[in-house]
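Shown here: upload_29.txt, compact mmCIF, C-alpha atoms.
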```txt
# COMPACT_ATOMS: atom_id res chain seq x y z
CA MET H 1 -28.70 -11.32 29.48
CA LEU H 2 -26.32 -9.48 31.83
CA ARG H 3 -23.63 -12.12 31.24
CA ARG H 4 -24.00 -11.73 27.46
CA ARG H 5 -23.63 -7.94 27.74
CA LYS H 6 -20.50 -8.34 29.83
CA ALA H 7 -19.08 -10.75 27.24
CA ILE H 8 -19.82 -8.28 24.40
CA ILE H 9 -18.27 -5.38 26.35
CA GLN H 10 -15.22 -7.52 27.13
CA ARG H 11 -14.79 -8.37 23.43
CA ILE H 12 -15.08 -4.70 22.44
CA VAL H 13 -12.46 -3.74 25.05
CA ILE H 14 -10.09 -6.46 23.79
CA PHE H 15 -10.63 -5.37 20.18
CA LEU H 16 -9.98 -1.69 21.01
CA ALA H 17 -6.78 -2.71 22.82
CA ILE H 18 -5.60 -4.73 19.81
CA LEU H 19 -6.81 -2.14 17.25
CA GLY H 20 -3.98 -0.40 15.43
CA PRO H 21 -1.49 -2.36 13.30
CA GLY H 22 -3.95 -3.34 10.54
CA ILE H 23 -5.73 0.01 10.30
CA ILE H 24 -2.52 2.05 10.49
CA THR H 25 -0.68 -0.12 7.95
CA GLY H 26 -3.64 -0.04 5.57
CA SER H 27 -4.27 3.69 5.90
CA VAL H 28 -0.63 4.69 5.49
CA ASP H 29 -0.71 3.13 2.01
CA ASN H 30 -2.77 6.15 0.96
CA ASP H 31 0.27 8.39 1.27
CA ALA H 32 1.32 11.34 -0.92
CA GLY H 33 2.72 8.95 -3.55
CA GLY H 34 -0.47 6.92 -3.45
CA ILE H 35 -2.70 9.99 -3.67
CA THR H 36 -0.61 11.22 -6.62
CA THR H 37 -0.90 7.84 -8.37
CA TYR H 38 -4.68 7.58 -7.76
CA SER H 39 -5.18 11.21 -8.84
CA ILE H 40 -3.23 10.77 -12.09
CA ALA H 41 -5.04 7.46 -12.79
CA GLY H 42 -8.42 9.17 -12.32
CA ALA H 43 -7.48 12.25 -14.35
CA LEU H 44 -5.88 10.27 -17.18
CA TYR H 45 -8.16 7.21 -17.45
CA GLY H 46 -11.38 8.37 -15.77
CA TYR H 47 -13.23 5.44 -14.18
CA LYS H 48 -11.44 2.93 -16.42
CA LEU H 49 -8.97 1.59 -13.80
CA VAL H 50 -11.26 1.67 -10.74
CA TRP H 51 -11.69 -2.12 -11.08
CA THR H 52 -8.00 -2.65 -10.12
CA LEU H 53 -8.93 -1.79 -6.51
CA ILE H 54 -11.03 -4.99 -6.15
CA PRO H 55 -8.20 -7.52 -6.75
CA ALA H 56 -5.86 -5.15 -4.85
CA PHE H 57 -8.24 -5.33 -1.84
CA ILE H 58 -8.36 -9.16 -1.88
CA VAL H 59 -4.57 -9.44 -2.17
CA LEU H 60 -4.07 -6.77 0.53
CA LEU H 61 -6.35 -8.64 2.94
CA VAL H 62 -4.65 -12.01 2.37
CA ILE H 63 -1.10 -10.62 2.56
CA GLN H 64 -1.76 -8.59 5.72
CA GLU H 65 -3.24 -11.67 7.38
CA MET H 66 -0.12 -13.69 6.47
CA ASN H 67 2.02 -10.90 7.89
CA ALA H 68 0.21 -10.73 11.19
CA ARG H 69 0.15 -14.52 11.56
CA MET H 70 3.91 -14.78 10.95
CA GLY H 71 4.59 -12.04 13.50
CA ILE H 72 2.34 -13.58 16.15
CA VAL H 73 3.63 -17.16 15.69
CA THR H 74 7.36 -16.45 15.34
CA GLY H 75 7.74 -13.27 17.41
CA LYS H 76 10.18 -12.13 14.72
CA GLY H 77 10.09 -9.39 12.08
CA LEU H 78 9.88 -10.25 8.37
CA ALA H 79 13.37 -8.85 7.74
CA ASP H 80 14.78 -11.09 10.47
CA LEU H 81 13.06 -14.15 8.94
CA ILE H 82 14.27 -13.31 5.43
CA ARG H 83 17.87 -13.02 6.65
CA GLU H 84 17.67 -16.34 8.51
CA ASN H 85 16.16 -18.21 5.55
CA ALA H 86 17.61 -16.48 2.45
CA GLY H 87 21.09 -15.60 3.73
CA VAL H 88 22.89 -12.29 4.21
CA LYS H 89 23.85 -11.74 0.51
CA VAL H 90 20.30 -12.07 -0.82
CA THR H 91 19.02 -9.98 2.10
CA PHE H 92 21.57 -7.25 1.36
CA PHE H 93 20.48 -6.81 -2.29
CA ILE H 94 16.75 -6.91 -1.43
CA PHE H 95 17.16 -4.26 1.23
CA VAL H 96 19.36 -1.94 -0.81
CA GLY H 97 16.56 -1.81 -3.41
CA LEU H 98 13.93 -1.28 -0.71
CA LEU H 99 16.00 1.43 0.99
CA ILE H 100 16.34 3.38 -2.30
CA ALA H 101 12.60 3.03 -2.96
CA ASP H 102 11.74 4.16 0.57
CA ILE H 103 13.95 7.25 0.42
CA GLY H 104 12.10 8.10 -2.81
CA ASN H 105 8.78 7.40 -1.08
CA THR H 106 9.65 9.57 1.94
CA THR H 107 10.76 12.36 -0.41
CA THR H 108 7.34 12.09 -2.03
CA GLU H 109 5.69 12.50 1.39
CA PHE H 110 7.54 15.79 1.94
CA ALA H 111 6.54 16.83 -1.58
CA GLY H 112 2.96 16.20 -0.44
CA VAL H 113 3.49 18.39 2.63
CA ALA H 114 4.99 21.16 0.47
CA GLY H 115 2.32 20.93 -2.25
CA SER H 116 -0.67 20.80 0.10
CA MET H 117 0.57 23.80 2.11
CA GLU H 118 1.20 25.78 -1.08
CA VAL H 119 -2.55 25.51 -1.76
CA PHE H 120 -2.96 27.45 1.53
CA SER H 121 -0.15 29.89 0.48
CA VAL H 122 2.49 28.49 2.88
CA SER H 123 6.03 28.20 1.44
CA LYS H 124 7.73 24.79 1.39
CA TYR H 125 10.76 26.40 3.06
CA ILE H 126 8.56 26.89 6.13
CA SER H 127 6.28 23.81 6.04
CA VAL H 128 8.85 21.08 5.26
CA PRO H 129 11.46 21.88 7.99
CA ILE H 130 8.73 22.33 10.65
CA VAL H 131 6.95 19.08 9.75
CA ALA H 132 10.26 17.15 9.54
CA PHE H 133 11.23 18.31 13.05
CA VAL H 134 7.78 17.55 14.54
CA ILE H 135 7.84 14.04 13.01
CA TRP H 136 11.37 13.41 14.30
CA PHE H 137 10.44 14.63 17.80
CA LEU H 138 7.27 12.47 17.90
CA VAL H 139 9.21 9.27 17.18
CA VAL H 140 12.48 9.93 19.03
CA LYS H 141 10.95 11.45 22.18
CA GLY H 142 7.60 9.65 22.19
CA ASN H 143 6.59 6.02 22.80
CA TYR H 144 4.69 3.43 20.76
CA LYS H 145 1.30 3.82 22.54
CA PHE H 146 1.26 7.60 22.15
CA ALA H 147 2.44 7.41 18.51
CA GLU H 148 -0.20 4.76 17.70
CA ARG H 149 -3.03 7.01 18.99
CA ILE H 150 -1.82 9.87 16.79
CA PHE H 151 -1.59 7.49 13.81
CA LEU H 152 -5.20 6.27 14.35
CA ILE H 153 -6.45 9.88 14.35
CA PHE H 154 -4.59 10.45 11.07
CA SER H 155 -6.20 7.28 9.64
CA VAL H 156 -9.74 8.56 10.32
CA SER H 157 -8.86 12.01 8.86
CA LEU H 158 -8.24 10.45 5.43
CA LEU H 159 -11.99 9.91 5.02
CA VAL H 160 -12.24 13.60 3.99
CA TYR H 161 -11.64 12.33 0.44
CA VAL H 162 -15.18 10.92 0.44
CA ILE H 163 -16.47 14.52 0.81
CA SER H 164 -14.16 15.80 -1.93
CA ALA H 165 -15.33 13.08 -4.36
CA LEU H 166 -19.06 13.58 -3.69
CA MET H 167 -18.71 17.31 -4.37
CA GLY H 168 -17.51 16.39 -7.89
CA HIS H 169 -20.93 14.75 -8.65
CA PRO H 170 -19.58 11.39 -9.97
CA HIS H 171 -21.44 9.29 -12.57
CA TRP H 172 -22.26 6.13 -10.59
CA GLN H 173 -23.58 4.20 -13.61
CA GLU H 174 -20.28 4.62 -15.46
CA ILE H 175 -18.39 3.61 -12.31
CA GLY H 176 -20.52 0.46 -12.02
CA GLN H 177 -19.90 -0.43 -15.68
CA SER H 178 -16.13 -0.03 -15.30
CA ILE H 179 -16.19 -2.43 -12.34
CA VAL H 180 -18.50 -5.02 -13.97
CA HIS H 181 -16.71 -4.86 -17.34
CA PRO H 182 -13.03 -4.21 -16.50
CA LYS H 183 -10.77 -3.01 -19.34
CA MET H 184 -7.07 -2.27 -19.65
CA ASP H 185 -4.94 -0.97 -22.54
CA MET H 186 -1.80 -3.08 -23.09
CA ASP H 187 0.57 -0.17 -23.65
CA GLY H 188 3.57 0.89 -21.55
CA GLN H 189 1.79 3.82 -19.88
CA SER H 190 -1.24 1.74 -18.81
CA ILE H 191 0.89 -1.15 -17.54
CA ALA H 192 3.14 1.23 -15.58
CA MET H 193 0.01 2.83 -14.08
CA VAL H 194 -1.47 -0.53 -13.02
CA ILE H 195 1.88 -1.59 -11.47
CA GLY H 196 1.99 1.80 -9.72
CA LEU H 197 -1.58 1.39 -8.43
CA VAL H 198 -0.85 -2.08 -7.05
CA GLY H 199 2.58 -0.97 -5.79
CA THR H 200 1.07 1.87 -3.79
CA THR H 201 -1.96 -0.10 -2.54
CA ILE H 202 0.23 -3.04 -1.46
CA ALA H 203 3.67 -1.53 -0.85
CA PRO H 204 6.66 -3.76 0.03
CA TRP H 205 7.67 -1.72 3.08
CA MET H 206 4.24 -2.12 4.71
CA GLN H 207 4.78 -5.88 5.05
CA PHE H 208 7.74 -5.19 7.33
CA TYR H 209 5.95 -2.47 9.31
CA MET H 210 2.85 -4.62 9.85
CA GLN H 211 4.85 -7.51 11.26
CA SER H 212 7.02 -5.25 13.43
CA SER H 213 3.97 -3.44 14.87
CA VAL H 214 2.27 -6.76 15.71
CA ILE H 215 5.42 -7.76 17.62
CA GLU H 216 5.71 -4.34 19.35
CA LYS H 217 2.10 -4.70 20.51
CA GLY H 218 2.87 -8.17 21.91
CA LEU H 219 -0.09 -9.92 20.21
CA LYS H 220 -0.66 -13.67 20.70
CA MET H 221 -2.68 -16.32 18.79
CA LYS H 222 -5.52 -15.94 21.33
CA ASN H 223 -5.91 -12.39 19.90
CA TYR H 224 -5.94 -13.67 16.30
CA LYS H 225 -9.66 -13.19 15.49
CA TYR H 226 -9.52 -9.59 16.73
CA THR H 227 -6.37 -8.99 14.70
CA LEU H 228 -8.28 -10.24 11.62
CA TRP H 229 -10.97 -7.59 12.22
CA ASP H 230 -8.28 -4.93 12.57
CA ILE H 231 -6.73 -6.03 9.25
CA ALA H 232 -10.12 -6.17 7.48
CA ILE H 233 -11.09 -2.65 8.64
CA GLY H 234 -7.66 -1.37 7.53
CA ALA H 235 -7.96 -2.98 4.08
CA ILE H 236 -11.50 -1.62 3.58
CA ALA H 237 -10.41 1.89 4.66
CA THR H 238 -7.44 1.75 2.26
CA VAL H 239 -9.52 0.83 -0.76
CA VAL H 240 -12.42 3.19 0.10
CA VAL H 241 -10.06 6.20 0.32
CA ALA H 242 -8.24 5.14 -2.90
CA PHE H 243 -11.61 4.70 -4.66
CA PHE H 244 -12.87 8.18 -3.74
CA ILE H 245 -9.59 9.86 -4.73
CA MET H 246 -9.81 8.24 -8.18
CA ILE H 247 -13.52 9.16 -8.42
CA ALA H 248 -12.86 12.79 -7.37
CA CYS H 249 -10.34 13.25 -10.20
CA ALA H 250 -12.20 11.15 -12.79
CA SER H 251 -15.51 13.02 -12.37
CA THR H 252 -13.92 16.48 -12.58
CA LEU H 253 -10.48 16.51 -14.22
CA HIS H 254 -10.92 13.65 -16.73
CA VAL H 255 -14.26 14.85 -18.10
CA ASN H 256 -12.75 18.33 -18.59
CA HIS H 257 -9.57 16.90 -20.24
CA ILE H 258 -7.31 18.34 -17.52
CA THR H 259 -3.98 16.53 -17.07
CA ILE H 260 -2.00 16.66 -13.83
CA ASN H 261 1.47 15.68 -12.70
CA GLU H 262 1.04 15.55 -8.92
CA ALA H 263 -1.62 15.54 -6.19
CA LYS H 264 -1.25 19.30 -5.60
CA ASP H 265 -2.30 19.90 -9.23
CA ALA H 266 -5.47 17.90 -8.55
CA ALA H 267 -6.30 20.03 -5.49
CA LEU H 268 -5.78 23.28 -7.45
CA ALA H 269 -7.69 22.03 -10.51
CA LEU H 270 -10.70 21.04 -8.39
CA LYS H 271 -11.30 24.67 -7.32
CA PRO H 272 -12.98 25.96 -10.52
CA LEU H 273 -14.69 22.61 -11.16
CA ALA H 274 -16.03 21.55 -7.75
CA GLY H 275 -15.53 24.68 -5.64
CA ALA H 276 -12.97 26.07 -3.20
CA ILE H 277 -14.11 23.77 -0.36
CA ALA H 278 -13.54 20.61 -2.46
CA SER H 279 -10.09 21.93 -3.36
CA GLN H 280 -9.19 22.70 0.26
CA VAL H 281 -10.56 19.37 1.53
CA PHE H 282 -8.44 17.54 -1.06
CA ALA H 283 -5.34 19.55 -0.02
CA PHE H 284 -6.03 18.94 3.68
CA GLY H 285 -6.30 15.19 3.05
CA LEU H 286 -2.99 15.31 1.18
CA PHE H 287 -1.35 17.18 4.09
CA ILE H 288 -2.59 14.69 6.71
CA ALA H 289 -1.63 11.69 4.55
CA SER H 290 1.83 13.14 3.90
CA ILE H 291 2.62 13.77 7.59
CA PHE H 292 1.22 10.35 8.51
CA SER H 293 3.33 8.51 5.94
CA ALA H 294 6.45 10.66 6.42
CA THR H 295 6.38 9.38 10.02
CA ILE H 296 5.64 5.71 9.29
CA LEU H 297 7.71 5.15 6.13
CA PRO H 298 11.20 5.99 7.48
CA LEU H 299 10.18 4.29 10.72
CA ALA H 300 9.33 1.07 8.86
CA THR H 301 12.55 1.34 6.84
CA ALA H 302 14.68 1.80 9.95
CA PHE H 303 12.84 -1.16 11.55
CA TYR H 304 13.43 -3.65 8.75
CA VAL H 305 17.00 -2.62 7.89
CA CYS H 306 18.04 -2.94 11.55
CA GLU H 307 16.17 -6.26 11.85
CA ALA H 308 17.78 -7.58 8.68
CA PHE H 309 21.29 -6.91 9.95
CA GLY H 310 20.78 -7.74 13.61
CA PHE H 311 20.65 -4.24 15.18
CA GLU H 312 18.31 -3.24 18.00
CA ALA H 313 15.14 -1.43 16.82
CA GLY H 314 11.95 0.02 18.30
CA ILE H 315 10.25 3.29 19.29
CA ASP H 316 10.16 2.22 22.94
CA LYS H 317 13.95 1.87 23.05
CA LYS H 318 16.14 4.83 24.02
CA TRP H 319 18.69 6.32 21.58
CA GLU H 320 21.64 4.69 23.40
CA GLU H 321 19.85 1.29 23.28
CA ALA H 322 19.22 1.42 19.50
CA PRO H 323 21.60 4.03 17.99
CA GLU H 324 21.62 2.47 14.48
CA PHE H 325 17.80 2.54 14.38
CA TYR H 326 17.53 6.23 15.34
CA VAL H 327 20.49 7.34 13.19
CA LEU H 328 18.99 5.65 10.11
CA TYR H 329 15.54 7.11 10.85
CA THR H 330 17.00 10.59 11.25
CA ALA H 331 19.15 10.26 8.09
CA ILE H 332 16.18 9.24 5.92
CA LEU H 333 14.16 12.23 7.17
CA ILE H 334 17.02 14.70 6.58
CA ILE H 335 17.88 13.37 3.08
CA SER H 336 14.22 13.34 1.98
CA ALA H 337 13.47 16.83 3.33
CA PHE H 338 16.69 18.19 1.79
CA ILE H 339 15.78 16.86 -1.69
CA ILE H 340 12.40 18.64 -1.50
CA LEU H 341 14.08 21.93 -0.66
CA LEU H 342 16.34 21.75 -3.75
CA PRO H 343 15.03 24.28 -6.34
CA ASN H 344 14.85 21.97 -9.39
CA ALA H 345 14.44 18.51 -7.86
CA PRO H 346 12.54 16.13 -10.26
CA LEU H 347 9.74 15.49 -7.74
CA ILE H 348 7.19 14.10 -10.18
CA GLN H 349 9.62 11.49 -11.55
CA ILE H 350 10.72 10.56 -8.02
CA SER H 351 7.08 10.09 -6.97
CA LEU H 352 5.93 7.98 -9.92
CA TRP H 353 9.07 5.85 -10.20
CA SER H 354 9.17 5.15 -6.47
CA GLN H 355 5.64 3.70 -6.81
CA ILE H 356 6.64 1.66 -9.89
CA LEU H 357 9.76 0.43 -8.06
CA ASN H 358 7.48 -0.60 -5.18
CA GLY H 359 5.40 -2.65 -7.62
CA MET H 360 8.49 -4.31 -9.08
CA LEU H 361 10.04 -5.09 -5.66
CA LEU H 362 6.77 -6.41 -4.23
CA PRO H 363 6.97 -9.86 -5.95
CA VAL H 364 10.44 -10.43 -4.43
CA VAL H 365 9.11 -9.68 -0.93
CA LEU H 366 5.97 -11.77 -1.55
CA ILE H 367 8.00 -14.80 -2.70
CA CYS H 368 10.09 -14.63 0.49
CA MET H 369 6.94 -14.25 2.61
CA ILE H 370 5.03 -17.13 1.01
CA LEU H 371 7.99 -19.51 1.27
CA ILE H 372 8.48 -18.64 4.95
CA VAL H 373 4.79 -18.82 5.92
CA ASN H 374 4.56 -22.31 4.34
CA ASN H 375 7.60 -23.61 6.24
CA LYS H 376 6.32 -25.97 8.97
CA LYS H 377 9.58 -25.73 10.92
CA ILE H 378 8.93 -22.00 11.33
CA MET H 379 5.11 -21.82 11.44
CA GLY H 380 4.16 -25.23 12.88
CA LYS H 381 0.41 -25.84 12.42
CA TYR H 382 -0.14 -22.22 11.34
CA THR H 383 1.13 -22.54 7.77
CA ASN H 384 -0.92 -21.17 4.85
CA LYS H 385 -4.23 -22.62 3.73
CA LEU H 386 -4.70 -23.40 0.01
CA PHE H 387 -6.74 -20.20 -0.57
CA ASN H 388 -3.96 -17.98 0.86
CA ASN H 389 -1.38 -19.65 -1.38
CA ILE H 390 -3.54 -19.31 -4.52
CA ILE H 391 -4.07 -15.57 -3.92
CA GLY H 392 -0.44 -14.95 -2.90
CA TRP H 393 1.16 -16.82 -5.82
CA THR H 394 -1.35 -15.43 -8.37
CA ALA H 395 -0.59 -11.84 -7.27
CA THR H 396 3.14 -12.52 -7.44
CA ILE H 397 3.00 -14.09 -10.93
CA VAL H 398 0.79 -11.28 -12.33
CA LEU H 399 3.13 -8.60 -10.95
CA VAL H 400 6.20 -10.39 -12.34
CA ILE H 401 4.58 -10.66 -15.81
CA LEU H 402 3.53 -6.97 -15.79
CA SER H 403 7.01 -5.90 -14.63
CA LEU H 404 8.68 -7.94 -17.39
CA ILE H 405 6.31 -6.47 -20.02
CA LEU H 406 7.16 -2.96 -18.74
CA ILE H 407 10.90 -3.69 -19.03
CA VAL H 408 10.80 -5.54 -22.37
CA MET H 409 8.21 -3.41 -24.24
CA PRO H 410 10.55 -0.42 -24.93
CA LEU H 411 13.02 -2.79 -26.64
CA PHE H 412 10.46 -3.57 -29.38
CA HIS H 413 9.78 0.11 -30.04
CA LYS H 414 13.38 1.05 -30.84
```
Take the structure in the file and write it out as structure tokens.
Amino acid sequence: MLRRRKAIIQRIVIFLAILGPGIITGSVDNDAGGITTYSIAGALYGYKLVWTLIPAFIVLLVIQEMNARMGIVTGKGLADLIRENAGVKVTFFIFVGLLIADIGNTTTEFAGVAGSMEVFSVSKYISVPIVAFVIWFLVVKGNYKFAERIFLIFSVSLLVYVISALMGHPHWQEIGQSIVHPKMDMDGQSIAMVIGLVGTTIAPWMQFYMQSSVIEKGLKMKNYKYTLWDIAIGAIATVVVAFFIMIACASTLHVNHITINEAKDAALALKPLAGAIASQVFAFGLFIASIFSATILPLATAFYVCEAFGFEAGIDKKWEEAPEFYVLYTAILIISAFIILLPNAPLIQISLWSQILNGMLLPVVLICMILIVNNKKIMGKYTNKLFNNIIGWTATIVLVILSLILIVMPLFHK
């Protein structure tokens, strides 16, 4: 009995030591852009698109597992592997597109900071510069272990959206029907929304961050089963938060025919419908998510760009050891914060199109990933099982088809 207890305690200790990459990567998907996309989907379509979170969860789980396995087996980042197997030219074009999308995504995070603080009557000219500096200081002057603890606290804080949704008194029977009998309108707006929902739930940049964080943590195949639990908890947390954001807006804004353009609008609109507390809880969640993602997103971008082109990268390295990494990180923060402070910046368009661009770039990243993870020379005996390949290729093909429909459809309406 005593031996069994010791074994259980030992497993818990190992799991807590490994805990981080999966939960952080999953949670950071629910960023300001994601919250905006989920909020608009709920306000515009009600419970109609809630079903998209189920296939998104399955794909997220499978892709994150592939990511972690590649990182553990190869000891290399995804960007590094893409460069080695696809060549510098292909890598360059992929990463230019990803860099543009990520600057747009980071700008959206600062828009989330500005919008959420405006609910509490704090000007963006105060909130954005302060948050940008704090984020920069945390990464440049901190270390990975300290940063990871802060990120895990942020992850747990996102569960406030459950409270906000329940205060809106959702109709659970309608929610159940929308999941059991999924429907989707085949028009440009609906397709763009579905691509945006998938693009924000399974963002391209997170594949690179997940693999880099597994490597930074120094995980080995003996830790694999614990890593799987970490990934599963992260995927569940991601979808639960996304679900309750959509429910909060569907049960209040949609039924009252209130349209919104950004997450801040949702927080403000909730006040007369679900009360001041629901409004403030929603705004607080947006603030936490925005800070969280404004830290991780440029960090992930700096990681994979430096990896792709052979520069040193990592939070635990000093500025003089990885100057390109820190300069790129700093530049993304400054550019994104500056755009938010411009008086007439098209923030709504930046937010929505960055999510759509994520959805359109995701198949390219997935194709590279699936080809690499099935290469026996790289992965040895740890190549994909049939189930992983079916899920991975199906998700890729569906996203490609939806992206093509989105591009081609306007041509037939001219």
Show which residues sit within 12 Å of Pro55 in chain H, as an mmCIF file with C-alpha atoms, keeping the file's coordinate frame. Count only C-alpha atoms, and ignore same-chain residues fewer than 2 positions away.
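Saved file around_24.cif follows:
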```cif
data_model
loop_
_atom_site.group_PDB
_atom_site.id
_atom_site.type_symbol
_atom_site.label_atom_id
_atom_site.label_comp_id
_atom_site.auth_asym_id
_atom_site.auth_seq_id
_atom_site.Cartn_x
_atom_site.Cartn_y
_atom_site.Cartn_z
ATOM 1 C CA LEU H 49 -8.970 1.590 -13.800
ATOM 2 C CA VAL H 50 -11.260 1.670 -10.740
ATOM 3 C CA TRP H 51 -11.690 -2.120 -11.080
ATOM 4 C CA THR H 52 -8.000 -2.650 -10.120
ATOM 5 C CA LEU H 53 -8.930 -1.790 -6.510
ATOM 6 C CA PHE H 57 -8.240 -5.330 -1.840
ATOM 7 C CA ILE H 58 -8.360 -9.160 -1.880
ATOM 8 C CA VAL H 59 -4.570 -9.440 -2.170
ATOM 9 C CA LEU H 60 -4.070 -6.770 0.530
ATOM 10 C CA LEU H 61 -6.350 -8.640 2.940
ATOM 11 C CA VAL H 62 -4.650 -12.010 2.370
ATOM 12 C CA ILE H 179 -16.190 -2.430 -12.340
ATOM 13 C CA PRO H 182 -13.030 -4.210 -16.500
ATOM 14 C CA VAL H 194 -1.470 -0.530 -13.020
ATOM 15 C CA LEU H 197 -1.580 1.390 -8.430
ATOM 16 C CA VAL H 198 -0.850 -2.080 -7.050
ATOM 17 C CA THR H 201 -1.960 -0.100 -2.540
ATOM 18 C CA ILE H 202 0.230 -3.040 -1.460
ATOM 19 C CA ALA H 235 -7.960 -2.980 4.080
ATOM 20 C CA VAL H 239 -9.520 0.830 -0.760
ATOM 21 C CA ILE H 391 -4.070 -15.570 -3.920
ATOM 22 C CA GLY H 392 -0.440 -14.950 -2.900
ATOM 23 C CA THR H 394 -1.350 -15.430 -8.370
ATOM 24 C CA ALA H 395 -0.590 -11.840 -7.270
ATOM 25 C CA VAL H 398 0.790 -11.280 -12.330
#
```
task = Mind listing whatever residues come within 10 Å of the point (10.5, 6.4, 5.4)? Use all atoms listed in the file, file coordinates, and give them as a count of residues only.
result = 28
inquiry  = To one decimal place in Å, what is the distance between CA of Ile215 in chain H and CA of Ser354 in chain H?
reply    = 27.6 Å
key: Atom pair CA of Ile339 in chain H / CA of Ala111 in chain H: separation (Å)   =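 Going from CA of Ile339 in chain H over to CA of Ala111 in chain H covers 9.2 Å.
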request  = Please indicate the distance in Å from CA of Gln211 in chain H to CA of Ala237 in chain H, rounded to one decimal place.
outcome  = 19.1 Å
Contact check, range 241-305 of chain H to range 78-96 of chain H, at most 10 Å, counting only C-alpha atoms, closest pairs as JSON lines:
```
{"residue": "H:Thr301", "atom": "CA", "partner": "H:Phe95", "partner_atom": "CA", "distance": 9.2}
{"residue": "H:Phe303", "atom": "CA", "partner": "H:Ala79", "partner_atom": "CA", "distance": 8.6}
{"residue": "H:Tyr304", "atom": "CA", "partner": "H:Ala79", "partner_atom": "CA", "distance": 5.3}
{"residue": "H:Val305", "atom": "CA", "partner": "H:Phe95", "partner_atom": "CA", "distance": 6.9}
```
request  = Using all atoms listed in the file, find the one residue out of H:Gln64, H:Thr259, H:Ser279, H:Ser251 that sits nearest to Met210 in chain H.
outcome  =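 Of all the options, H:Gln64 lies closest to Met210 in chain H.
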Spatial sel., origin (3.7, -22.4, 10.5), limit 12 Å, all atoms listed in the file, listed as JSON, numbers by chain = {"H": [66, 67, 69, 70, 71, 72, 73, 74, 369, 370, 371, 372, 373, 374, 375, 376, 377, 378, 379, 380, 381, 382, 383, 384, 385]}
Would you place a box with edges along x, y and z of the file around all atoms of range 53-65 of chain H listed there, add 6 Å to each of its six sides, and report the centre and edge lengths in Å to one decimal, as lines of an AutoDock Vina configuration file?
```
center_x = -6.1
center_y = -6.9
center_z = 0.3
size_x = 21.9
size_y = 22.2
size_z = 26.1
```
